[in-house]
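upload19.txt follows; it contains compact mmCIF, N, CA and C atoms.
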# COMPACT_ATOMS: atom_id res chain seq x y z
N MET E 20 -3.57 -13.03 14.77
CA MET E 20 -3.67 -13.16 13.34
C MET E 20 -2.31 -13.64 12.82
N ASP E 21 -2.37 -14.55 11.89
CA ASP E 21 -1.08 -15.07 11.44
C ASP E 21 -0.43 -14.15 10.41
N LYS E 22 0.84 -14.41 10.19
CA LYS E 22 1.66 -13.58 9.32
C LYS E 22 1.18 -13.60 7.87
N ILE E 23 0.72 -14.76 7.41
CA ILE E 23 0.27 -14.88 6.01
C ILE E 23 -0.99 -14.05 5.77
N SER E 24 -1.96 -14.11 6.68
CA SER E 24 -3.18 -13.32 6.47
C SER E 24 -2.87 -11.83 6.53
N LYS E 25 -1.93 -11.44 7.38
CA LYS E 25 -1.52 -10.03 7.45
C LYS E 25 -0.85 -9.62 6.15
N GLU E 26 -0.03 -10.51 5.58
CA GLU E 26 0.63 -10.22 4.31
C GLU E 26 -0.40 -10.08 3.18
N ILE E 27 -1.36 -10.98 3.14
CA ILE E 27 -2.41 -10.90 2.12
C ILE E 27 -3.18 -9.59 2.27
N ALA E 28 -3.48 -9.21 3.51
CA ALA E 28 -4.19 -7.94 3.76
C ALA E 28 -3.37 -6.75 3.27
N ARG E 29 -2.08 -6.76 3.54
CA ARG E 29 -1.19 -5.66 3.12
C ARG E 29 -1.12 -5.57 1.60
N ILE E 30 -0.91 -6.71 0.94
CA ILE E 30 -0.82 -6.73 -0.52
C ILE E 30 -2.14 -6.26 -1.14
N THR E 31 -3.25 -6.72 -0.57
CA THR E 31 -4.57 -6.33 -1.08
C THR E 31 -4.79 -4.84 -0.93
N TYR E 32 -4.46 -4.30 0.23
CA TYR E 32 -4.62 -2.86 0.47
C TYR E 32 -3.86 -2.08 -0.60
N ASN E 33 -2.61 -2.45 -0.83
CA ASN E 33 -1.78 -1.75 -1.81
C ASN E 33 -2.33 -1.89 -3.22
N ALA E 34 -2.85 -3.07 -3.57
CA ALA E 34 -3.43 -3.29 -4.91
C ALA E 34 -4.68 -2.43 -5.10
N LEU E 35 -5.48 -2.29 -4.06
CA LEU E 35 -6.68 -1.44 -4.13
C LEU E 35 -6.28 0.03 -4.25
N ASP E 36 -5.31 0.43 -3.46
CA ASP E 36 -4.84 1.81 -3.45
C ASP E 36 -4.25 2.19 -4.81
N GLU E 37 -3.54 1.25 -5.42
CA GLU E 37 -2.92 1.46 -6.74
C GLU E 37 -3.95 1.85 -7.79
N LYS E 38 -5.15 1.29 -7.68
CA LYS E 38 -6.22 1.58 -8.65
C LYS E 38 -7.22 2.60 -8.12
N LYS E 39 -6.81 3.35 -7.09
CA LYS E 39 -7.60 4.48 -6.55
C LYS E 39 -8.94 4.06 -5.95
N ALA E 40 -8.97 2.93 -5.24
CA ALA E 40 -10.18 2.54 -4.52
C ALA E 40 -10.51 3.61 -3.49
N GLU E 41 -11.79 3.79 -3.23
CA GLU E 41 -12.21 4.77 -2.24
C GLU E 41 -12.36 4.12 -0.87
N ASP E 42 -11.93 4.84 0.15
CA ASP E 42 -12.19 4.50 1.55
C ASP E 42 -11.89 3.03 1.88
N ILE E 43 -10.63 2.64 1.72
CA ILE E 43 -10.22 1.26 2.00
C ILE E 43 -10.21 1.05 3.51
N LYS E 44 -10.95 0.04 3.95
CA LYS E 44 -10.99 -0.29 5.39
C LYS E 44 -10.55 -1.73 5.58
N VAL E 45 -9.66 -1.93 6.54
CA VAL E 45 -9.25 -3.27 6.93
C VAL E 45 -9.77 -3.47 8.35
N ILE E 46 -10.59 -4.49 8.53
CA ILE E 46 -11.17 -4.77 9.84
C ILE E 46 -10.70 -6.14 10.30
N GLU E 47 -10.04 -6.15 11.44
CA GLU E 47 -9.57 -7.40 12.03
C GLU E 47 -10.74 -8.02 12.79
N ILE E 48 -11.18 -9.21 12.34
CA ILE E 48 -12.36 -9.84 12.93
C ILE E 48 -12.07 -11.21 13.54
N GLY E 49 -10.81 -11.61 13.51
CA GLY E 49 -10.42 -12.94 13.99
C GLY E 49 -10.77 -13.22 15.44
N ASP E 50 -10.85 -12.17 16.27
CA ASP E 50 -11.18 -12.37 17.68
C ASP E 50 -12.68 -12.52 17.93
N ILE E 51 -13.50 -12.16 16.93
CA ILE E 51 -14.94 -12.21 17.16
C ILE E 51 -15.68 -13.23 16.28
N THR E 52 -14.96 -13.84 15.34
CA THR E 52 -15.60 -14.84 14.47
C THR E 52 -14.53 -15.78 13.89
N ILE E 53 -14.99 -16.95 13.47
CA ILE E 53 -14.06 -17.89 12.83
C ILE E 53 -14.10 -17.76 11.31
N ILE E 54 -14.91 -16.85 10.79
CA ILE E 54 -15.06 -16.67 9.34
C ILE E 54 -13.73 -16.34 8.68
N ALA E 55 -12.99 -15.39 9.27
CA ALA E 55 -11.75 -14.91 8.68
C ALA E 55 -10.98 -14.11 9.73
N ASP E 56 -9.74 -13.77 9.39
CA ASP E 56 -8.95 -12.88 10.25
C ASP E 56 -9.24 -11.41 9.91
N TYR E 57 -9.38 -11.15 8.59
CA TYR E 57 -9.58 -9.78 8.13
C TYR E 57 -10.70 -9.69 7.10
N PHE E 58 -11.46 -8.62 7.18
CA PHE E 58 -12.35 -8.18 6.11
C PHE E 58 -11.70 -6.93 5.54
N ILE E 59 -11.62 -6.85 4.23
CA ILE E 59 -11.15 -5.63 3.59
C ILE E 59 -12.30 -5.12 2.75
N ILE E 60 -12.65 -3.86 2.97
CA ILE E 60 -13.82 -3.26 2.32
C ILE E 60 -13.35 -2.02 1.56
N ALA E 61 -13.77 -1.92 0.31
CA ALA E 61 -13.44 -0.74 -0.49
C ALA E 61 -14.53 -0.55 -1.53
N ASN E 62 -14.53 0.59 -2.17
CA ASN E 62 -15.49 0.78 -3.26
C ASN E 62 -14.86 1.53 -4.41
N GLY E 63 -15.48 1.35 -5.56
CA GLY E 63 -15.11 2.08 -6.75
C GLY E 63 -16.18 3.11 -7.05
N THR E 64 -15.90 3.99 -7.99
CA THR E 64 -16.87 5.05 -8.31
C THR E 64 -17.84 4.63 -9.41
N ASN E 65 -17.49 3.59 -10.17
CA ASN E 65 -18.39 3.08 -11.22
C ASN E 65 -18.06 1.61 -11.47
N SER E 66 -18.86 0.94 -12.28
CA SER E 66 -18.68 -0.50 -12.47
C SER E 66 -17.34 -0.84 -13.13
N SER E 67 -16.85 0.03 -14.02
CA SER E 67 -15.55 -0.22 -14.65
C SER E 67 -14.43 -0.19 -13.62
N GLN E 68 -14.49 0.77 -12.69
CA GLN E 68 -13.46 0.85 -11.67
C GLN E 68 -13.56 -0.34 -10.71
N VAL E 69 -14.79 -0.72 -10.37
CA VAL E 69 -14.98 -1.88 -9.49
C VAL E 69 -14.30 -3.10 -10.12
N GLN E 70 -14.53 -3.31 -11.41
CA GLN E 70 -13.92 -4.44 -12.11
C GLN E 70 -12.40 -4.32 -12.15
N ALA E 71 -11.90 -3.11 -12.35
CA ALA E 71 -10.44 -2.89 -12.37
C ALA E 71 -9.83 -3.20 -11.00
N LEU E 72 -10.54 -2.84 -9.93
CA LEU E 72 -10.07 -3.13 -8.57
C LEU E 72 -9.98 -4.64 -8.36
N VAL E 73 -11.05 -5.34 -8.75
CA VAL E 73 -11.08 -6.80 -8.61
C VAL E 73 -9.94 -7.44 -9.40
N ASP E 74 -9.79 -7.03 -10.64
CA ASP E 74 -8.74 -7.60 -11.50
C ASP E 74 -7.36 -7.36 -10.90
N ASN E 75 -7.11 -6.14 -10.41
CA ASN E 75 -5.79 -5.82 -9.89
C ASN E 75 -5.49 -6.62 -8.61
N VAL E 76 -6.47 -6.74 -7.73
CA VAL E 76 -6.27 -7.52 -6.50
C VAL E 76 -5.91 -8.96 -6.88
N GLN E 77 -6.68 -9.55 -7.80
CA GLN E 77 -6.41 -10.93 -8.20
C GLN E 77 -5.03 -11.09 -8.83
N GLN E 78 -4.66 -10.17 -9.73
CA GLN E 78 -3.37 -10.26 -10.42
C GLN E 78 -2.20 -10.12 -9.45
N VAL E 79 -2.29 -9.12 -8.57
CA VAL E 79 -1.18 -8.86 -7.65
C VAL E 79 -1.04 -10.01 -6.64
N LEU E 80 -2.16 -10.49 -6.11
CA LEU E 80 -2.08 -11.60 -5.16
C LEU E 80 -1.59 -12.88 -5.85
N ALA E 81 -2.00 -13.10 -7.10
CA ALA E 81 -1.54 -14.28 -7.84
C ALA E 81 -0.02 -14.24 -8.03
N LYS E 82 0.53 -13.04 -8.28
CA LYS E 82 1.98 -12.89 -8.42
C LYS E 82 2.71 -13.33 -7.15
N HIS E 83 2.04 -13.17 -6.02
CA HIS E 83 2.61 -13.57 -4.72
C HIS E 83 2.23 -15.00 -4.34
N GLY E 84 1.53 -15.68 -5.26
CA GLY E 84 1.19 -17.08 -5.02
C GLY E 84 -0.12 -17.33 -4.30
N TYR E 85 -0.98 -16.30 -4.21
CA TYR E 85 -2.27 -16.45 -3.52
C TYR E 85 -3.41 -16.46 -4.53
N GLU E 86 -4.21 -17.52 -4.49
CA GLU E 86 -5.37 -17.64 -5.37
C GLU E 86 -6.64 -17.62 -4.52
N PRO E 87 -7.70 -16.99 -5.03
CA PRO E 87 -8.94 -16.97 -4.24
C PRO E 87 -9.58 -18.35 -4.16
N LYS E 88 -10.14 -18.66 -3.00
CA LYS E 88 -10.88 -19.92 -2.84
C LYS E 88 -12.24 -19.82 -3.53
N ARG E 89 -12.79 -18.60 -3.53
CA ARG E 89 -14.12 -18.39 -4.11
C ARG E 89 -14.25 -16.92 -4.51
N ILE E 90 -15.02 -16.69 -5.55
CA ILE E 90 -15.34 -15.33 -5.99
C ILE E 90 -16.85 -15.28 -6.20
N GLU E 91 -17.48 -14.27 -5.63
CA GLU E 91 -18.94 -14.11 -5.77
C GLU E 91 -19.25 -12.72 -6.32
N GLY E 92 -20.32 -12.63 -7.13
CA GLY E 92 -20.86 -11.34 -7.53
C GLY E 92 -20.23 -10.68 -8.73
N VAL E 93 -19.40 -11.39 -9.48
CA VAL E 93 -18.69 -10.76 -10.60
C VAL E 93 -19.64 -10.20 -11.66
N ARG E 94 -20.70 -10.90 -11.94
CA ARG E 94 -21.62 -10.44 -12.98
C ARG E 94 -22.29 -9.12 -12.63
N SER E 95 -22.60 -8.92 -11.35
CA SER E 95 -23.32 -7.71 -10.97
C SER E 95 -22.42 -6.48 -10.92
N ALA E 96 -21.15 -6.66 -10.56
CA ALA E 96 -20.19 -5.56 -10.42
C ALA E 96 -20.66 -4.48 -9.44
N SER E 97 -21.55 -4.85 -8.50
CA SER E 97 -21.94 -3.88 -7.48
C SER E 97 -21.46 -4.31 -6.09
N TRP E 98 -21.24 -5.62 -5.90
CA TRP E 98 -20.61 -6.13 -4.68
C TRP E 98 -19.90 -7.42 -5.06
N ILE E 99 -18.61 -7.36 -5.09
CA ILE E 99 -17.81 -8.54 -5.45
C ILE E 99 -17.02 -8.97 -4.23
N LEU E 100 -17.11 -10.25 -3.94
CA LEU E 100 -16.43 -10.82 -2.78
C LEU E 100 -15.32 -11.75 -3.28
N LEU E 101 -14.12 -11.52 -2.80
CA LEU E 101 -12.98 -12.38 -3.10
C LEU E 101 -12.58 -13.06 -1.80
N ASP E 102 -12.70 -14.38 -1.76
CA ASP E 102 -12.43 -15.13 -0.54
C ASP E 102 -11.04 -15.76 -0.62
N TYR E 103 -10.13 -15.22 0.19
CA TYR E 103 -8.77 -15.76 0.27
C TYR E 103 -8.58 -16.52 1.58
N GLY E 104 -9.64 -17.13 2.07
CA GLY E 104 -9.55 -17.89 3.31
C GLY E 104 -9.61 -16.99 4.52
N ASP E 105 -8.46 -16.66 5.09
CA ASP E 105 -8.43 -15.82 6.28
C ASP E 105 -8.58 -14.33 5.98
N VAL E 106 -8.62 -14.00 4.69
CA VAL E 106 -8.84 -12.62 4.27
C VAL E 106 -9.97 -12.62 3.25
N VAL E 107 -11.02 -11.85 3.55
CA VAL E 107 -12.16 -11.74 2.63
C VAL E 107 -12.23 -10.29 2.16
N VAL E 108 -12.20 -10.11 0.84
CA VAL E 108 -12.17 -8.78 0.24
C VAL E 108 -13.55 -8.48 -0.33
N HIS E 109 -14.12 -7.34 0.08
CA HIS E 109 -15.42 -6.89 -0.41
C HIS E 109 -15.19 -5.62 -1.22
N ILE E 110 -15.51 -5.67 -2.51
CA ILE E 110 -15.37 -4.50 -3.36
C ILE E 110 -16.76 -4.12 -3.86
N PHE E 111 -17.17 -2.91 -3.51
CA PHE E 111 -18.53 -2.46 -3.76
C PHE E 111 -18.59 -1.33 -4.77
N SER E 112 -19.80 -1.13 -5.32
CA SER E 112 -20.13 0.15 -5.92
C SER E 112 -20.40 1.07 -4.73
N LYS E 113 -20.32 2.36 -4.95
CA LYS E 113 -20.52 3.32 -3.86
C LYS E 113 -21.89 3.14 -3.20
N GLU E 114 -22.93 2.99 -4.01
CA GLU E 114 -24.31 2.89 -3.51
C GLU E 114 -24.50 1.62 -2.67
N ASP E 115 -24.00 0.49 -3.17
CA ASP E 115 -24.18 -0.76 -2.44
C ASP E 115 -23.39 -0.79 -1.14
N ARG E 116 -22.24 -0.13 -1.14
CA ARG E 116 -21.46 -0.08 0.10
C ARG E 116 -22.26 0.65 1.19
N LEU E 117 -22.86 1.75 0.81
CA LEU E 117 -23.68 2.49 1.78
C LEU E 117 -24.89 1.67 2.22
N PHE E 118 -25.50 0.97 1.27
CA PHE E 118 -26.70 0.18 1.56
C PHE E 118 -26.40 -0.98 2.51
N TYR E 119 -25.35 -1.75 2.23
CA TYR E 119 -25.06 -2.93 3.04
C TYR E 119 -24.30 -2.61 4.33
N ASP E 120 -23.55 -1.53 4.34
CA ASP E 120 -22.89 -0.99 5.53
C ASP E 120 -22.21 -2.07 6.39
N LEU E 121 -21.29 -2.81 5.77
CA LEU E 121 -20.57 -3.86 6.50
C LEU E 121 -19.78 -3.33 7.69
N GLU E 122 -19.30 -2.09 7.58
CA GLU E 122 -18.55 -1.52 8.70
C GLU E 122 -19.40 -1.47 9.96
N ARG E 123 -20.69 -1.16 9.81
CA ARG E 123 -21.58 -1.12 10.97
C ARG E 123 -21.82 -2.53 11.50
N ILE E 124 -22.05 -3.47 10.61
CA ILE E 124 -22.31 -4.85 11.02
C ILE E 124 -21.12 -5.44 11.76
N TRP E 125 -19.91 -5.10 11.32
CA TRP E 125 -18.68 -5.66 11.92
C TRP E 125 -17.98 -4.65 12.82
N ARG E 126 -18.73 -3.74 13.41
CA ARG E 126 -18.13 -2.68 14.23
C ARG E 126 -17.40 -3.20 15.47
N ASP E 127 -17.68 -4.44 15.87
CA ASP E 127 -16.95 -5.02 17.01
C ASP E 127 -15.54 -5.44 16.62
N GLY E 128 -15.27 -5.47 15.32
CA GLY E 128 -13.91 -5.77 14.87
C GLY E 128 -13.02 -4.55 15.08
N LYS E 129 -11.71 -4.75 14.90
CA LYS E 129 -10.75 -3.67 15.11
C LYS E 129 -10.29 -3.14 13.76
N VAL E 130 -10.48 -1.83 13.54
CA VAL E 130 -10.01 -1.22 12.29
C VAL E 130 -8.48 -1.15 12.34
N VAL E 131 -7.87 -1.65 11.28
CA VAL E 131 -6.41 -1.71 11.20
C VAL E 131 -5.94 -0.64 10.20
N GLU E 132 -5.01 0.20 10.63
CA GLU E 132 -4.47 1.22 9.75
C GLU E 132 -3.43 0.61 8.81
N ARG E 133 -3.20 1.26 7.70
CA ARG E 133 -2.26 0.75 6.69
C ARG E 133 -0.89 0.45 7.29
N GLU E 134 -0.38 1.38 8.14
CA GLU E 134 0.94 1.21 8.71
C GLU E 134 1.03 -0.07 9.56
N GLN E 135 -0.08 -0.45 10.19
CA GLN E 135 -0.08 -1.63 11.04
C GLN E 135 0.03 -2.93 10.24
N LEU E 136 -0.19 -2.86 8.94
CA LEU E 136 -0.10 -4.04 8.09
C LEU E 136 1.33 -4.32 7.65
N GLU E 137 2.19 -3.32 7.79
CA GLU E 137 3.58 -3.53 7.40
C GLU E 137 4.19 -4.57 8.32
N VAL E 138 4.82 -5.58 7.72
CA VAL E 138 5.34 -6.71 8.50
C VAL E 138 6.61 -6.35 9.24

As structure tokens:
Amino acid sequence: MDKISKEIARITYNALDEKKAEDIKVIEIGDITIIADYFIIANGTNSSQVQALVDNVQQVLAKHGYEPKRIEGVRSASWILLDYGDVVVHIFSKEDRLFYDLERIWRDGKVVEREQLEV
């Protein structure tokens, strides 16, 4: 995984944590797919928090010069995807996270702990 995607993952993790996202998971998937290097999965407790998480991730990454290539699901506020190329951020409502269970689907990836993201 390259240094830039690791930096984006670290900044994203911290931005989610700052707004009290629940159960932040970083999954390294670069060895099993060409989609991305990392999936970051988190959830909020309600639609307002989900939106606050999305806004904070975008603002903090923009300050570091990173803009999303694509954003999906903003209107629903139950599963929002922020595509930063090699890092894809999934921010869910609690119910949708359980329903879609991306951690199970991507279980062949390697879960990365916060400390491992420090450059």

Next item on the list: Could you tell me, as a ChimeraX atom specification, which residues of chain E DSSP assigns to helix (DSSP H, G or I) when given the backbone?
Entry: /E:22-37,66-82,113-119,121-124,133-136

Next item on the list: Give me the residues within 7 Å of range 46-57 of chain E as a PyMOL selection string, counting only C-alpha atoms and dropping any in the same chain fewer than 6 places off.
Entry: chain E and resi 20+24+104-107+128-131

Next item on the list: Would you mind telling me which residue in E:Phe111, E:Val93, E:Asn62, E:Ala28 lies nearest to Ala40 in chain E when using only N, CA and C atoms?
Entry: E:Asn62

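Among the candidates E:Ile27, E:Ile124, E:Leu117, E:Ala61, the residue lying nearest to Gln77 in chain E is E:Ile27 (atoms considered: only C-alpha atoms).
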
Next item on the list: Could you jot down the CA of Glu91 in chain E to CA of Leu136 in chain E separation for me, Å, one decimal place?
Entry: 25.5 Å

Notebook entry, point to check: If you run DSSP on this backbone, which residues of chain E come out as strand (DSSP E or B), and could you give them as a PyMOL selection string?
Noted result: chain E and resi 41-47+57-63+89-91+98-102+106-112+129-131

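If only N, CA and C atoms are the atoms counted, then among E:Arg123, E:Val108, E:Leu101, E:Leu72 the closest residue to Asp36 in chain E is E:Leu72.
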
Notebook entry, point to check: What does the distance from CA of Arg126 in chain E to CA of Lys38 in chain E come to in Å, to one decimal?
Noted result: 26.1 Å

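With atom N of Leu121 in chain E on one side and atom N of His109 in chain E on the other, the separation reads 10.2 Å.
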
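Ranking E:Ile99, E:Ile43, E:Ile90, E:Ala34 by their shortest atom-to-atom distance to Asn75 in chain E, with all atoms listed in the file included, puts E:Ala34 first.
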
With N, CA, C and O atoms as the target, complete range 41-61 of chain E and hand it back as a short mmCIF file (atom, residue, chain, number, x, y, z; two decimals), in the frame of the given file.
data_model
loop_
_atom_site.label_atom_id
_atom_site.label_comp_id
_atom_site.auth_asym_id
_atom_site.auth_seq_id
_atom_site.Cartn_x
_atom_site.Cartn_y
_atom_site.Cartn_z
N GLU E 41 -11.79 3.79 -3.23
CA GLU E 41 -12.21 4.77 -2.24
C GLU E 41 -12.36 4.12 -0.87
O GLU E 41 -12.83 3.00 -0.76
N ASP E 42 -11.93 4.84 0.15
CA ASP E 42 -12.19 4.50 1.55
C ASP E 42 -11.89 3.03 1.88
O ASP E 42 -12.77 2.27 2.27
N ILE E 43 -10.63 2.64 1.72
CA ILE E 43 -10.22 1.26 2.00
C ILE E 43 -10.21 1.05 3.51
O ILE E 43 -9.55 1.79 4.24
N LYS E 44 -10.95 0.04 3.95
CA LYS E 44 -10.99 -0.29 5.39
C LYS E 44 -10.55 -1.73 5.58
O LYS E 44 -11.00 -2.62 4.87
N VAL E 45 -9.66 -1.93 6.54
CA VAL E 45 -9.25 -3.27 6.93
C VAL E 45 -9.77 -3.47 8.35
O VAL E 45 -9.46 -2.69 9.24
N ILE E 46 -10.59 -4.49 8.53
CA ILE E 46 -11.17 -4.77 9.84
C ILE E 46 -10.70 -6.14 10.30
O ILE E 46 -10.89 -7.14 9.61
N GLU E 47 -10.04 -6.15 11.44
CA GLU E 47 -9.57 -7.40 12.03
C GLU E 47 -10.74 -8.02 12.79
O GLU E 47 -11.28 -7.43 13.73
N ILE E 48 -11.18 -9.21 12.34
CA ILE E 48 -12.36 -9.84 12.93
C ILE E 48 -12.07 -11.21 13.54
O ILE E 48 -12.97 -11.87 14.05
N GLY E 49 -10.81 -11.61 13.51
CA GLY E 49 -10.42 -12.94 13.99
C GLY E 49 -10.77 -13.22 15.44
O GLY E 49 -10.96 -14.38 15.83
N ASP E 50 -10.85 -12.17 16.27
CA ASP E 50 -11.18 -12.37 17.68
C ASP E 50 -12.68 -12.52 17.93
O ASP E 50 -13.08 -12.93 19.01
N ILE E 51 -13.50 -12.16 16.93
CA ILE E 51 -14.94 -12.21 17.16
C ILE E 51 -15.68 -13.23 16.28
O ILE E 51 -16.87 -13.45 16.48
N THR E 52 -14.96 -13.84 15.34
CA THR E 52 -15.60 -14.84 14.47
C THR E 52 -14.53 -15.78 13.89
O THR E 52 -13.36 -15.42 13.84
N ILE E 53 -14.99 -16.95 13.47
CA ILE E 53 -14.06 -17.89 12.83
C ILE E 53 -14.10 -17.76 11.31
O ILE E 53 -13.38 -18.46 10.61
N ILE E 54 -14.91 -16.85 10.79
CA ILE E 54 -15.06 -16.67 9.34
C ILE E 54 -13.73 -16.34 8.68
O ILE E 54 -13.37 -16.89 7.65
N ALA E 55 -12.99 -15.39 9.27
CA ALA E 55 -11.75 -14.91 8.68
C ALA E 55 -10.98 -14.11 9.73
O ALA E 55 -11.52 -13.81 10.80
N ASP E 56 -9.74 -13.77 9.39
CA ASP E 56 -8.95 -12.88 10.25
C ASP E 56 -9.24 -11.41 9.91
O ASP E 56 -9.29 -10.56 10.78
N TYR E 57 -9.38 -11.15 8.59
CA TYR E 57 -9.58 -9.78 8.13
C TYR E 57 -10.70 -9.69 7.10
O TYR E 57 -10.82 -10.56 6.23
N PHE E 58 -11.46 -8.62 7.18
CA PHE E 58 -12.35 -8.18 6.11
C PHE E 58 -11.70 -6.93 5.54
O PHE E 58 -11.29 -6.05 6.30
N ILE E 59 -11.62 -6.85 4.23
CA ILE E 59 -11.15 -5.63 3.59
C ILE E 59 -12.30 -5.12 2.75
O ILE E 59 -12.87 -5.86 1.94
N ILE E 60 -12.65 -3.86 2.97
CA ILE E 60 -13.82 -3.26 2.32
C ILE E 60 -13.35 -2.02 1.56
O ILE E 60 -12.61 -1.19 2.11
N ALA E 61 -13.77 -1.92 0.31
CA ALA E 61 -13.44 -0.74 -0.49
C ALA E 61 -14.53 -0.55 -1.53
O ALA E 61 -15.37 -1.44 -1.74
#
